[in-house]
Amino acid sequence: MRNGYVGIGVVGCGSIGIRGALEHFKHGDLDGEARITAVCDPVPGRAKAAAAKYGVPSWYDGDEGLERLLGDADVDMVTLCSPIGLHYAQGLSAIRAGKHVHFNKTMAVEAWECDEMIAEADRQGVRIVASPGVAYAPRVQRARRLVLEGRLGMLSWGYIDNGAGSGGYHLGEAVRQGDGPLDGISPAWYFKKPAGGPQYDVAVYSLHNVTSILGPAKRVTAFSGMQHRSHEYKGETIANEMDDSTTLLLDYGGGFHVICNSVTASPMVKLFSFPDIHGGEASIIGGCYKGEPLTRPGDHSPHAVGVHADMQESHVFEDIMQLAGLIRDGGDLYAGTPEQARHVVEIIEGGYRAARTGVAQALRTSFAPLPLEALARL
């Protein structure tokens, strides 16, 4: 930092770049801690339009936009708001340029890509935060406390449902309905290989939730398929390349398994991406324990307060601010760790492989979930 605050470069001025970063930082309430100093986007005119609308000092567009942003001395960290399939190459470039990196979900497509970026970040002395850092959420911490304290008894099975497989949400986003550079943003990437589809885009929330509560899984198996071959967007047909109906089965050992559904629609959804966990003595169902909600009035992540509390993608803003705090003050990261993100990437990758081969996949990666003493009280 050369200005007393953390300078943030936003890589990609699409949906998540607008809603998760630019909209939050336009309020200026945290300018003394962190502010957006540059944006880039390969689509002609989009970075310039974003800079003008949100008061960002520098903008870079075209194929060389990222390289120019990474050379900007006022950029201390970047938030990657680009399609998931670009995260590895862009993340590695940013790390090698000496920039700290916030990865929007999912961190990468394959676990080996995460391995390389984690190792390179260590060599370069830069920090990584990977969304979604759901372990900050008080309800996640309360659920983990229930498990660790044995309040559920011997764990028997779990279930999570995303209920968001076909991509209708992305087709209907407000930033895609107009014709301008910031409101006519195509959702085509979501349906394309290698990193489209609901596993990388939506199941990642479920998997971060369940692993934050239960810790790393041991094995994964799955069934997966495609229900929608194409989608209509503004009169054009987008061919779908990615499975949109996938069921994962996570093995935690000792006969305890967790089902994770990513399907087009499901009447069983009680609480999006938050697990039901059943034990021999009690259960967490629909985010409640013995009928008592695990979410309490006033719950919030550290920075999602004031105007940010009711804004979209406040969890992305929180993860960005967590990285900014690490840059300013040092210390340890306890949520949004790259090791947990890598484990989730391996689960998704292994699930697809299991569905293709019919063979359950052992998981080699792990991470350290929050210990009991770090958790919110019940």
# chains A, B, ... in the order shown; residues from 1 in each chain; ligands from 1
call {"tool": "residues_around", "arguments": {"residues": "region 107-113 of chain A", "least_positions_apart": "2", "cutoff": "8 Å", "atoms": "only C-alpha atoms", "output": "list in words"}}
result
Ile84, Gly85, Leu86, His87, Tyr88, Phe103, Asn104, Lys105, Asp115, Glu116, Met117, Ala130, Ser131, Pro194, Ala195, Tyr200, Pro338, Ala341, Arg342, His343, Val345, Glu346 and Glu349 of chain A
call {"tool": "select_by_dssp", "arguments": {"residues": "region 202-232 of chain A", "states": "alpha helix (DSSP H)", "output": "list in words"}}
result
Val204, Tyr205, Ser206, Leu207, His208, Asn209, Val210, Thr211, Ser212, Ile213 and Leu214 of chain A
call {"tool": "closest_residue", "arguments": {"among": "A:Leu214, A:Ser301, A:Arg96, A:Ser283", "to": "Arg145 (chain A)", "atoms": "only C-alpha atoms"}}
result
A:Leu214
call {"tool": "residues_around", "arguments": {"residues": "Ala188 (chain A)", "least_positions_apart": "2", "cutoff": "12 Å", "atoms": "only C-alpha atoms", "output": "PyMOL selection string"}}
result
chain A and resi 83+167-168+170-171+176+184-186+190-193+195-197+230-234+236-242
call {"tool": "closest_residue", "arguments": {"among": "A:Gly71, A:Gly62, A:Gly336, A:Gly32", "to": "Tyr5 (chain A)", "atoms": "only C-alpha atoms"}}
result
A:Gly32
call {"tool": "residues_around", "arguments": {"residues": "region 275-281 of chain A", "least_positions_apart": "3", "cutoff": "9 Å", "atoms": "only C-alpha atoms", "output": "PyMOL selection string"}}
result
chain A and resi 151-161+206+209-210+258+260+270-272+284-288
call {"tool": "closest_residue", "arguments": {"among": "A:Pro57, A:Gly254, A:Pro198, A:Gly98", "to": "Met1 (chain A)", "atoms": "only C-alpha atoms"}}
result
A:Gly98
call {"tool": "residues_around", "arguments": {"residues": "Val11 (chain A)", "least_positions_apart": "6", "cutoff": "8 Å", "atoms": "only C-alpha atoms", "output": "list of chain:residue names"}}
result
A:Gly17, A:Val39, A:Cys40, A:Asp41, A:Leu66, A:Val78, A:Thr79, A:Leu80, A:Cys81, A:Ser82
call {"tool": "write_last_selection", "arguments": {"atoms": "C-alpha atoms", "output": "short mmCIF file (atom, residue, chain, number, x, y, z; two decimals), in the first residue's frame"}}
result
data_model
loop_
_atom_site.label_atom_id
_atom_site.label_comp_id
_atom_site.auth_asym_id
_atom_site.auth_seq_id
_atom_site.Cartn_x
_atom_site.Cartn_y
_atom_site.Cartn_z
CA GLY A 17 -18.16 -7.19 -10.68
CA VAL A 39 -11.17 -1.80 -13.55
CA CYS A 40 -10.60 -3.88 -16.65
CA ASP A 41 -12.77 -5.82 -19.06
CA LEU A 66 -5.58 -7.30 -17.42
CA VAL A 78 -7.48 -7.78 -7.49
CA THR A 79 -10.92 -9.30 -7.27
CA LEU A 80 -11.48 -11.75 -10.12
CA CYS A 81 -15.02 -11.16 -11.35
CA SER A 82 -14.46 -13.01 -14.62
#
call {"tool": "select_by_dssp", "arguments": {"residues": "region 115-344 of chain A", "states": "strand (DSSP E)", "output": "PyMOL selection string"}}
result
chain A and resi 128-130+155-161+219-225+230-233+236-239+245-251+257-262+276-279+283-285+288-289+292-293
call {"tool": "residues_around", "arguments": {"residues": "Ile18 (chain A)", "least_positions_apart": "4", "cutoff": "9 Å", "atoms": "only C-alpha atoms", "output": "MDAnalysis selection string"}}
result
chainID A and resid 12:14 22:24 50 81 175 182
call {"tool": "write_last_selection", "arguments": {"atoms": "N, CA and C atoms", "output": "PDB file, in the first residue's frame"}}
result
ATOM      1  N   GLY A  12     -13.068  -7.657 -14.608  1.00  0.00           N
ATOM      2  CA  GLY A  12     -14.364  -8.068 -15.140  1.00  0.00           C
ATOM      3  C   GLY A  12     -15.474  -7.202 -14.602  1.00  0.00           C
ATOM      4  N   CYS A  13     -16.122  -6.447 -15.464  1.00  0.00           N
ATOM      5  CA  CYS A  13     -17.191  -5.532 -15.058  1.00  0.00           C
ATOM      6  C   CYS A  13     -18.554  -6.078 -15.454  1.00  0.00           C
ATOM      7  N   GLY A  14     -18.726  -7.391 -15.286  1.00  0.00           N
ATOM      8  CA  GLY A  14     -20.004  -8.025 -15.547  1.00  0.00           C
ATOM      9  C   GLY A  14     -20.872  -8.050 -14.302  1.00  0.00           C
ATOM     10  N   LEU A  22     -18.404  -3.031  -7.384  1.00  0.00           N
ATOM     11  CA  LEU A  22     -18.598  -1.637  -7.745  1.00  0.00           C
ATOM     12  C   LEU A  22     -19.758  -0.979  -7.009  1.00  0.00           C
ATOM     13  N   GLU A  23     -20.883  -1.677  -6.891  1.00  0.00           N
ATOM     14  CA  GLU A  23     -22.031  -1.097  -6.199  1.00  0.00           C
ATOM     15  C   GLU A  23     -21.733  -0.868  -4.717  1.00  0.00           C
ATOM     16  N   HIS A  24     -21.001  -1.779  -4.098  1.00  0.00           N
ATOM     17  CA  HIS A  24     -20.699  -1.638  -2.673  1.00  0.00           C
ATOM     18  C   HIS A  24     -19.713  -0.503  -2.417  1.00  0.00           C
ATOM     19  N   ALA A  50     -17.932   1.504 -16.791  1.00  0.00           N
ATOM     20  CA  ALA A  50     -17.952   1.213 -15.359  1.00  0.00           C
ATOM     21  C   ALA A  50     -17.173   2.269 -14.584  1.00  0.00           C
ATOM     22  N   CYS A  81     -13.579 -11.129 -11.093  1.00  0.00           N
ATOM     23  CA  CYS A  81     -15.023 -11.163 -11.354  1.00  0.00           C
ATOM     24  C   CYS A  81     -15.291 -11.652 -12.769  1.00  0.00           C
ATOM     25  N   VAL A 175     -28.918  -6.969 -14.952  1.00  0.00           N
ATOM     26  CA  VAL A 175     -27.775  -6.484 -15.737  1.00  0.00           C
ATOM     27  C   VAL A 175     -27.734  -7.096 -17.131  1.00  0.00           C
ATOM     28  N   LEU A 182     -23.236  -1.997 -19.568  1.00  0.00           N
ATOM     29  CA  LEU A 182     -23.368  -2.436 -18.185  1.00  0.00           C
ATOM     30  C   LEU A 182     -24.720  -3.058 -17.870  1.00  0.00           C
TER      31      LEU A 182
END
call {"tool": "closest_residue", "arguments": {"among": "A:Ala121, A:Val75, A:Ile348, A:Ala38", "to": "Trp59 (chain A)", "atoms": "only C-alpha atoms"}}
result
A:Ala38
call {"tool": "residues_around", "arguments": {"residues": "Lys218 (chain A)", "least_positions_apart": "5", "cutoff": "9 Å", "atoms": "only C-alpha atoms", "output": "JSON, numbers by chain"}}
result
{"A": [250, 251, 252, 253, 361, 362, 363, 364, 365, 366]}
call {"tool": "atom_distance", "arguments": {"atom1": "CA of Val10 (chain A)", "atom2": "CA of Glu64 (chain A)"}}
result
14.5 Å
call {"tool": "closest_residue", "arguments": {"among": "A:Ala354, A:Leu92, A:Ala174, A:Val344", "to": "Val202 (chain A)", "atoms": "only C-alpha atoms"}}
result
A:Val344
call {"tool": "closest_residue", "arguments": {"among": "A:Glu149, A:Ala374, A:Ile128, A:Ile16", "to": "Asp201 (chain A)", "atoms": "only C-alpha atoms"}}
result
A:Ile16
